[in-house]
Structures are given as structure tokens and as C-alpha cells.
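A.B. asks: Structure file run.cif (mmCIF, C-alpha atoms and all ligand atoms) right here:
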```cif
data_entry
loop_
_atom_site.label_atom_id
_atom_site.label_comp_id
_atom_site.auth_asym_id
_atom_site.auth_seq_id
_atom_site.Cartn_x
_atom_site.Cartn_y
_atom_site.Cartn_z
CA MET D 1 113.21 106.88 5.63
CA GLU D 2 111.64 105.47 8.74
CA LYS D 3 110.54 101.87 8.74
CA ILE D 4 106.86 101.37 7.92
CA LEU D 5 105.31 99.33 10.72
CA ASN D 6 102.41 96.92 10.32
CA PHE D 7 100.12 95.51 12.99
CA ILE D 8 97.82 92.55 13.55
CA LEU D 9 95.38 93.16 16.41
CA ILE D 10 94.21 90.03 18.22
CA GLY D 11 92.00 89.46 21.23
CA ARG D 12 88.70 88.12 22.52
CA SER D 13 85.54 90.05 21.67
CA GLY D 14 85.29 92.99 24.03
CA CYS D 15 89.07 93.34 24.48
CA GLY D 16 89.12 96.88 23.09
CA LYS D 17 90.58 96.22 19.62
CA GLY D 18 88.57 99.04 18.02
CA THR D 19 89.76 101.59 20.59
CA GLN D 20 93.42 100.57 20.31
CA ALA D 21 93.13 100.55 16.50
CA ASP D 22 91.97 104.18 16.64
CA LEU D 23 94.86 105.12 18.95
CA LEU D 24 97.40 103.42 16.67
CA MET D 25 95.94 105.23 13.66
CA LYS D 26 96.25 108.58 15.39
CA HIS D 27 99.75 107.87 16.64
CA PHE D 28 101.26 106.58 13.40
CA GLY D 29 99.32 108.66 10.90
CA ASN D 30 100.20 106.41 7.95
CA LEU D 31 98.28 103.28 8.93
CA HIS D 32 95.56 101.81 6.73
CA HIS D 33 92.90 100.04 8.79
CA PHE D 34 91.54 96.82 7.28
CA SER D 35 88.65 95.29 9.22
CA THR D 36 87.10 92.02 8.08
CA GLY D 37 84.05 92.94 10.18
CA ASP D 38 83.50 96.00 7.97
CA MET D 39 84.19 93.96 4.82
CA PHE D 40 81.60 91.33 5.80
CA ARG D 41 79.01 93.98 6.65
CA ALA D 42 79.51 95.51 3.19
CA LEU D 43 79.34 92.09 1.53
CA ALA D 44 76.13 91.25 3.41
CA LYS D 45 74.51 94.26 1.71
CA ALA D 46 75.54 93.13 -1.78
CA ASP D 47 72.80 91.92 -4.12
CA THR D 48 74.76 88.78 -5.00
CA ALA D 49 74.57 85.05 -4.32
CA VAL D 50 77.38 85.35 -1.78
CA GLY D 51 75.74 88.40 -0.17
CA ALA D 52 72.49 86.46 0.29
CA LYS D 53 74.33 83.46 1.76
CA ILE D 54 76.19 85.68 4.22
CA ARG D 55 72.91 87.29 5.37
CA GLU D 56 71.43 83.82 5.90
CA ILE D 57 74.42 82.54 7.91
CA VAL D 58 74.80 85.67 10.02
CA SER D 59 71.07 85.76 10.86
CA LYS D 60 71.47 82.27 12.37
CA GLY D 61 74.48 83.39 14.39
CA GLY D 62 76.94 81.42 12.24
CA LEU D 63 80.28 82.45 10.77
CA PRO D 64 80.91 82.78 7.04
CA LEU D 65 83.39 80.55 5.20
CA ASP D 66 86.93 81.42 6.24
CA ASP D 67 88.21 81.35 2.65
CA ILE D 68 85.95 84.33 1.93
CA ALA D 69 87.67 86.27 4.70
CA THR D 70 91.07 85.55 3.16
CA SER D 71 89.85 86.54 -0.32
CA LEU D 72 88.37 89.76 1.05
CA TRP D 73 91.42 91.01 2.94
CA MET D 74 93.77 89.98 0.14
CA TYR D 75 91.62 91.87 -2.35
CA GLU D 76 91.18 94.96 -0.15
CA ILE D 77 94.89 95.15 0.70
CA SER D 78 95.89 94.56 -2.93
CA PHE D 79 93.79 97.44 -4.19
CA ASN D 80 94.05 99.90 -1.29
CA LEU D 81 97.29 99.66 0.69
CA LYS D 82 99.70 102.32 -0.54
CA GLN D 83 103.46 101.76 -0.53
CA ASP D 84 103.99 104.37 2.17
CA GLU D 85 101.19 103.04 4.41
CA GLY D 86 101.39 100.52 7.22
CA LEU D 87 98.87 97.70 7.39
CA LEU D 88 96.58 97.48 10.42
CA ALA D 89 94.83 94.10 10.41
CA ASP D 90 91.67 93.97 12.53
CA GLY D 91 89.54 90.85 12.67
CA PHE D 92 91.95 88.63 10.75
CA PRO D 93 93.53 86.15 10.75
CA ARG D 94 90.88 84.11 12.58
CA ARG D 95 92.29 80.61 12.04
CA LEU D 96 95.78 79.12 11.82
CA PRO D 97 95.75 78.46 8.03
CA GLU D 98 94.68 82.06 7.53
CA ALA D 99 97.60 83.26 9.69
CA GLU D 100 99.95 81.22 7.50
CA ASN D 101 98.37 82.77 4.38
CA LEU D 102 98.83 86.23 5.83
CA ASP D 103 102.49 85.47 6.61
CA ARG D 104 103.13 84.38 3.02
CA PHE D 105 101.41 87.54 1.83
CA LEU D 106 103.54 89.69 4.17
CA GLU D 107 106.69 87.92 2.96
CA PHE D 108 105.66 88.67 -0.61
CA LEU D 109 105.28 92.33 0.37
CA GLU D 110 108.64 92.17 2.23
CA ARG D 111 106.87 93.38 5.36
CA LYS D 112 106.89 90.32 7.59
CA ASP D 113 109.82 91.54 9.72
CA ALA D 114 108.09 94.88 10.25
CA THR D 115 104.77 93.32 11.30
CA SER D 116 103.83 92.95 14.95
CA PRO D 117 100.94 90.82 16.13
CA ILE D 118 99.50 92.47 19.26
CA LEU D 119 97.39 90.46 21.69
CA LEU D 120 95.07 92.52 23.89
CA ASP D 121 94.87 89.93 26.60
CA ILE D 122 91.69 89.70 28.66
CA SER D 123 90.38 86.57 30.38
CA ARG D 124 87.33 84.75 29.12
CA GLN D 125 85.42 85.82 32.22
CA GLU D 126 86.35 89.46 31.69
CA ALA D 127 85.30 89.26 28.02
CA PHE D 128 82.00 87.63 29.02
CA ASP D 129 81.27 90.33 31.59
CA ARG D 130 82.16 93.16 29.19
CA LEU D 131 79.94 91.74 26.43
CA THR D 132 76.92 90.86 28.55
CA LYS D 133 77.00 94.03 30.63
CA ARG D 134 77.88 96.69 28.05
CA ARG D 135 75.00 99.05 27.33
CA ILE D 136 73.67 101.17 24.53
CA CYS D 137 71.90 104.54 24.72
CA GLN D 138 68.30 104.20 23.56
CA LYS D 139 68.27 107.81 22.40
CA CYS D 140 71.55 108.40 20.50
CA GLY D 141 72.85 104.83 20.11
CA LYS D 142 76.17 105.42 21.87
CA LEU D 143 77.76 102.16 23.01
CA ILE D 144 78.83 102.31 26.66
CA PRO D 145 81.53 99.71 27.38
CA TRP D 146 81.58 97.77 30.65
CA VAL D 147 84.99 99.11 31.72
CA GLY D 148 86.33 101.49 34.38
CA GLU D 149 84.29 104.62 35.06
CA TYR D 150 81.66 103.71 32.45
CA LYS D 151 80.32 101.01 34.77
CA LYS D 152 78.98 103.72 37.08
CA LEU D 153 77.05 105.64 34.41
CA GLU D 154 73.33 105.69 35.07
CA ALA D 155 72.40 107.61 31.91
CA CYS D 156 74.11 108.42 28.59
CA ASP D 157 77.05 110.81 29.14
CA GLU D 158 76.38 112.28 25.70
CA CYS D 159 72.64 112.98 25.71
CA GLY D 160 71.25 111.75 29.05
CA GLY D 161 69.29 108.96 27.35
CA GLU D 162 68.37 105.68 29.02
CA LEU D 163 70.99 102.89 28.90
CA VAL D 164 69.94 99.34 28.06
CA THR D 165 71.77 96.10 27.22
CA ARG D 166 71.66 95.06 23.57
CA PRO D 167 69.17 92.34 22.63
CA ASP D 168 71.78 90.48 20.50
CA ASP D 169 74.24 90.37 23.42
CA THR D 170 72.71 87.14 24.71
CA GLU D 171 74.79 84.75 26.79
CA GLY D 172 74.41 82.04 24.14
CA ALA D 173 75.62 84.22 21.27
CA ILE D 174 78.49 85.56 23.33
CA ASN D 175 79.57 82.09 24.46
CA ASN D 176 79.59 81.03 20.79
CA ARG D 177 81.93 83.88 19.93
CA LEU D 178 84.19 83.13 22.90
CA ASP D 179 84.23 79.40 22.00
CA TYR D 180 85.29 80.35 18.47
CA TYR D 181 88.21 82.26 19.94
CA GLU D 182 89.40 79.31 22.07
CA GLU D 183 89.16 76.86 19.17
CA ASN D 184 90.48 78.97 16.33
CA VAL D 185 92.18 82.17 17.40
CA ALA D 186 94.07 80.89 20.46
CA PRO D 187 96.25 78.62 18.23
CA ILE D 188 97.23 81.73 16.23
CA VAL D 189 98.41 83.38 19.44
CA ASP D 190 100.61 80.31 20.15
CA TYR D 191 101.86 80.39 16.56
CA TYR D 192 103.05 83.99 16.83
CA GLU D 193 104.37 83.47 20.35
CA LYS D 194 106.53 80.49 19.32
CA GLN D 195 108.06 82.64 16.60
CA GLY D 196 108.89 85.28 19.21
CA ARG D 197 106.85 87.91 17.39
CA LEU D 198 103.91 88.35 19.74
CA ILE D 199 103.37 91.51 21.75
CA ARG D 200 101.17 90.49 24.67
CA VAL D 201 99.54 93.37 26.52
CA ASP D 202 97.35 93.13 29.60
CA GLY D 203 94.01 94.34 28.21
CA ASP D 204 92.46 94.54 31.67
CA GLN D 205 93.96 97.99 32.32
CA PRO D 206 92.80 101.53 31.56
CA ILE D 207 92.77 102.32 27.83
CA GLU D 208 95.72 104.76 28.06
CA LYS D 209 97.85 102.25 29.97
CA VAL D 210 97.16 99.52 27.39
CA PHE D 211 98.30 101.87 24.64
CA GLU D 212 101.41 102.92 26.61
CA ASP D 213 102.36 99.25 26.98
CA ILE D 214 101.98 98.73 23.23
CA LEU D 215 104.22 101.69 22.42
CA ALA D 216 106.82 100.56 24.99
CA ALA D 217 106.92 97.07 23.44
CA LEU D 218 107.29 98.54 19.94
CA LYS D 219 110.16 100.69 21.15
CA ARG D 220 111.95 97.62 22.50
CA ILE D 221 111.56 95.85 19.14
CA TYR D 222 112.11 98.60 16.60
CA GLY D 223 113.97 101.21 18.69
ZN ZN T 1 72.84 109.11 24.30
#
```
Would you put the structure from the file into C-alpha cells?
C.D. replies:
Amino acid sequence: MEKILNFILIGRSGCGKGTQADLLMKHFGNLHHFSTGDMFRALAKADTAVGAKIREIVSKGGLPLDDIATSLWMYEISFNLKQDEGLLADGFPRRLPEAENLDRFLEFLERKDATSPILLDISRQEAFDRLTKRRICQKCGKLIPWVGEYKKLEACDECGGELVTRPDDTEGAINNRLDYYEENVAPIVDYYEKQGRLIRVDGDQPIEKVFEDILAALKRIYG
């Protein structure tokens, strides 16, 4: 039987994690996508004390308690990851202690050696530009990223609707998110890099090229 591969996607907001997650899913066919973003959105809808607290924190632009993130992914993986599925971690770990927790969990599952952290590397300036300049269609809601050919679009390529920037993509909110990355996520990148496990890919390339680089790196590691 072929080895079941597992992935941890890392990168600044706007680096294209969602797109590369989709491509990995299509390519491998047996990956189970776990996104803490999705988990928190579901939790924020819950009629519970924690749900209410999350709504309050998120409305002020804050970040929920990190221990909740760990509890959520551990729970979701425990109840949903099948034996013949690979794990695709998106949005976690977000802090060093969480990365250590995830490693212990992967060791417990005997999957640590078959898990590759992938950094989609874009500079802070590039992330800032992508997040402040990306647009949304007022008619159909399609999100138009600030990359490549999309920059030239003057109207929605789906429905012709008018394109506007999103009101919550303010410079302040975006700088907060990028600061969080420098303080908390960057140490995780170092942690994986020191262990020689990190796959670093230049995220400032066309989508297809980024994915090609990921596959080439995986081939070098796993054959
Ligand atoms: Zn549209």
C-alpha cells in the first residue's frame, strides 16, 4: 500500500492556502481537509457560552483562545479522519506550543514521518497588497484575488458585476493579522525548518507553478 501523506499548510494571510489546499485535495484524492477557520465559524454560530464569547471577540477583531483551537482540531480529527485518509491541516498550528501538541498527536497516530509542513512563502508587503487590494463582486460575491491576470479585471469575470474592496479589509485589521503571523506563526516555521521537515515554496508565483514546486519537493522526500 502506498504511504498516506499528511500536510500542514502555513503562510501569511493572502498566500493562497485555500487554493493550494484544493489542488492537493484533487491531486491526492484521499485527503481530509481540516480548517480551524471553518471550525471557528461553526462554533461562532453555536448557542452556547463559548459561541457567544467567540462572537464577542471576533466582532472586536480579536483572536479566540488558542487552547480552543487545539481542542477543536483534536476533536474534529479524532472523530472524522479515517485510517485511509491523509490529514490536511489548514489554519493550525498557529503558535509554537500548538505545533508541539500537533507533533505529539501525529506521533501518537504514527504519522509524524509522513507529515510535511508546507510554507507558501510571500513577503509581508506582498501579503499586505493582496489583502488590501483584493476585490469582491457586488452582484455574485465572487472574491477576486490581487494576483496575476486578476489585477487587470475591471468587472466580474463570472457575471460582469461591479468589483469593490471589502469593508473589513482595512489596513488596521490586516496589519493585526500580519503582526500575529510575525509573532506567533513565524516561530513555527523556524521550528519545522530546524527539524529539516519544512517545504518552503515561493508563493509569489503563478498558482500552477506553486503547486508544481510542492509536488517536486514531495517527490524528493517521499520518492
Ligand atoms: Zn460576479
A.B. asks: Closest to Arg130 in chain D among D:Lys142, D:Arg220, D:Lys151, D:Lys17, using all atoms listed in the file?
C.D. replies: D:Lys151
A.B. asks: Please provide the set of residues having any atom within 10 Å of range 73-79 of chain D, restricted to all atoms listed in the file, with same-chain residues fewer than 6 positions apart removed, written as a PyMOL selection string.
C.D. replies: chain D and resi 32-36+39+87+89+91-93+101-102+105
A.B. asks: Choose the residue, out of D:Leu63, D:Leu72, D:Leu23, D:Ile136, that has the smallest atom-to-atom separation from ligand ZN 1 (chain T); count only C-alpha atoms and all ligand atoms.
C.D. replies: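 Using only C-alpha atoms and all ligand atoms, the shortest distance to ligand ZN 1 (chain T) belongs to D:Ile136.
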A.B. asks: Taking all atoms listed in the file into account, produce a table as JSON lines in which each residue of chain D with an atom at most 12 Å from an atom of ligand ZN 1 (chain T) appears once, together with its shortest atom pair and the distance in Å to one decimal, ordered by chain and rising number.
C.D. replies:
```
{"residue": "D:Arg135", "atom": "CA", "partner": "T:ZN1", "partner_atom": "ZN", "distance": 10.7}
{"residue": "D:Ile136", "atom": "CA", "partner": "T:ZN1", "partner_atom": "ZN", "distance": 8.0}
{"residue": "D:Cys137", "atom": "CA", "partner": "T:ZN1", "partner_atom": "ZN", "distance": 4.7}
{"residue": "D:Gln138", "atom": "CA", "partner": "T:ZN1", "partner_atom": "ZN", "distance": 6.7}
{"residue": "D:Lys139", "atom": "CA", "partner": "T:ZN1", "partner_atom": "ZN", "distance": 5.1}
{"residue": "D:Cys140", "atom": "CA", "partner": "T:ZN1", "partner_atom": "ZN", "distance": 4.1}
{"residue": "D:Gly141", "atom": "CA", "partner": "T:ZN1", "partner_atom": "ZN", "distance": 6.0}
{"residue": "D:Lys142", "atom": "CA", "partner": "T:ZN1", "partner_atom": "ZN", "distance": 5.5}
{"residue": "D:Leu143", "atom": "CA", "partner": "T:ZN1", "partner_atom": "ZN", "distance": 8.6}
{"residue": "D:Ile144", "atom": "CA", "partner": "T:ZN1", "partner_atom": "ZN", "distance": 9.4}
{"residue": "D:Leu153", "atom": "CA", "partner": "T:ZN1", "partner_atom": "ZN", "distance": 11.5}
{"residue": "D:Glu154", "atom": "CA", "partner": "T:ZN1", "partner_atom": "ZN", "distance": 11.3}
{"residue": "D:Ala155", "atom": "CA", "partner": "T:ZN1", "partner_atom": "ZN", "distance": 7.8}
{"residue": "D:Cys156", "atom": "CA", "partner": "T:ZN1", "partner_atom": "ZN", "distance": 4.5}
{"residue": "D:Asp157", "atom": "CA", "partner": "T:ZN1", "partner_atom": "ZN", "distance": 6.6}
{"residue": "D:Glu158", "atom": "CA", "partner": "T:ZN1", "partner_atom": "ZN", "distance": 5.0}
{"residue": "D:Cys159", "atom": "CA", "partner": "T:ZN1", "partner_atom": "ZN", "distance": 4.1}
{"residue": "D:Gly160", "atom": "CA", "partner": "T:ZN1", "partner_atom": "ZN", "distance": 5.7}
{"residue": "D:Gly161", "atom": "CA", "partner": "T:ZN1", "partner_atom": "ZN", "distance": 4.7}
{"residue": "D:Glu162", "atom": "CA", "partner": "T:ZN1", "partner_atom": "ZN", "distance": 7.4}
{"residue": "D:Leu163", "atom": "CA", "partner": "T:ZN1", "partner_atom": "ZN", "distance": 8.0}
{"residue": "D:Val164", "atom": "CA", "partner": "T:ZN1", "partner_atom": "ZN", "distance": 10.9}
```
A.B. asks: Find the distance between CA of Ile122 in chain D and CA of Leu9 in chain D and write it in Å to one decimal.
C.D. replies: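 About the pair CA of Ile122 in chain D and CA of Leu9 in chain D: they are 13.3 Å apart.
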A.B. asks: Quick one: residues within 6 Å of range 188-205 of chain D, all atoms listed in the file counted, chain neighbours fewer than 2 positions away excluded, as an mmCIF file with C-alpha atoms, in the frame of the given file?
C.D. replies:
```cif
data_model
loop_
_atom_site.group_PDB
_atom_site.id
_atom_site.type_symbol
_atom_site.label_atom_id
_atom_site.label_comp_id
_atom_site.auth_asym_id
_atom_site.auth_seq_id
_atom_site.Cartn_x
_atom_site.Cartn_y
_atom_site.Cartn_z
ATOM 1 C CA LEU D 96 95.780 79.120 11.820
ATOM 2 C CA PRO D 117 100.940 90.820 16.130
ATOM 3 C CA ILE D 118 99.500 92.470 19.260
ATOM 4 C CA LEU D 119 97.390 90.460 21.690
ATOM 5 C CA LEU D 120 95.070 92.520 23.890
ATOM 6 C CA ASP D 121 94.870 89.930 26.600
ATOM 7 C CA ILE D 122 91.690 89.700 28.660
ATOM 8 C CA VAL D 185 92.180 82.170 17.400
ATOM 9 C CA ALA D 186 94.070 80.890 20.460
#
```
A.B. asks: Considering all atoms listed in the file, can you say which of D:Leu215, D:Leu5, D:Gly172, D:Glu126 comes closest to Leu106 in chain D?
C.D. replies: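 Closest residue, counting all atoms listed in the file: D:Leu5.
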A.B. asks: Near His27 in chain D, counting only C-alpha atoms, which residues have an atom at most 12 Å away, once you skip same-chain residues fewer than 4 positions from it, shown as an mmCIF file with C-alpha atoms, keeping the file's coordinate frame?
C.D. replies:
```
data_model
loop_
_atom_site.group_PDB
_atom_site.id
_atom_site.type_symbol
_atom_site.label_atom_id
_atom_site.label_comp_id
_atom_site.auth_asym_id
_atom_site.auth_seq_id
_atom_site.Cartn_x
_atom_site.Cartn_y
_atom_site.Cartn_z
ATOM 1 C CA LEU D 5 105.310 99.330 10.720
ATOM 2 C CA GLN D 20 93.420 100.570 20.310
ATOM 3 C CA ALA D 21 93.130 100.550 16.500
ATOM 4 C CA ASP D 22 91.970 104.180 16.640
ATOM 5 C CA LEU D 23 94.860 105.120 18.950
ATOM 6 C CA LEU D 31 98.280 103.280 8.930
ATOM 7 C CA PHE D 211 98.300 101.870 24.640
ATOM 8 C CA GLU D 212 101.410 102.920 26.610
ATOM 9 C CA ILE D 214 101.980 98.730 23.230
ATOM 10 C CA LEU D 215 104.220 101.690 22.420
#
```
A.B. asks: Please identify all polymer residues within 8 Å of Ser13 in chain D, counting only C-alpha atoms, omitting same-chain residues fewer than 3 positions from it, and present them as a VMD selection string.
C.D. replies: chain D and resid 16 127 131 177 to 178
A.B. asks: Enter the distance from CA of Ser59 in chain D to CA of Lys133 in chain D, in Å, rounded to one decimal.
C.D. replies: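 We find that CA of Ser59 in chain D and CA of Lys133 in chain D lie 22.2 Å from each other.
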A.B. asks: Report the distance between CA of Pro97 in chain D and CA of Asp67 in chain D in Å, rounded to one decimal place.
C.D. replies: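 Going from CA of Pro97 in chain D over to CA of Asp67 in chain D, I get 9.7 Å.
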A.B. asks: In terms of the shortest atom-to-atom distance over all atoms listed in the file, which of D:Gly11, D:Val50, D:Ala99, D:Tyr222 is closest to Glu182 in chain D?
C.D. replies: D:Gly11
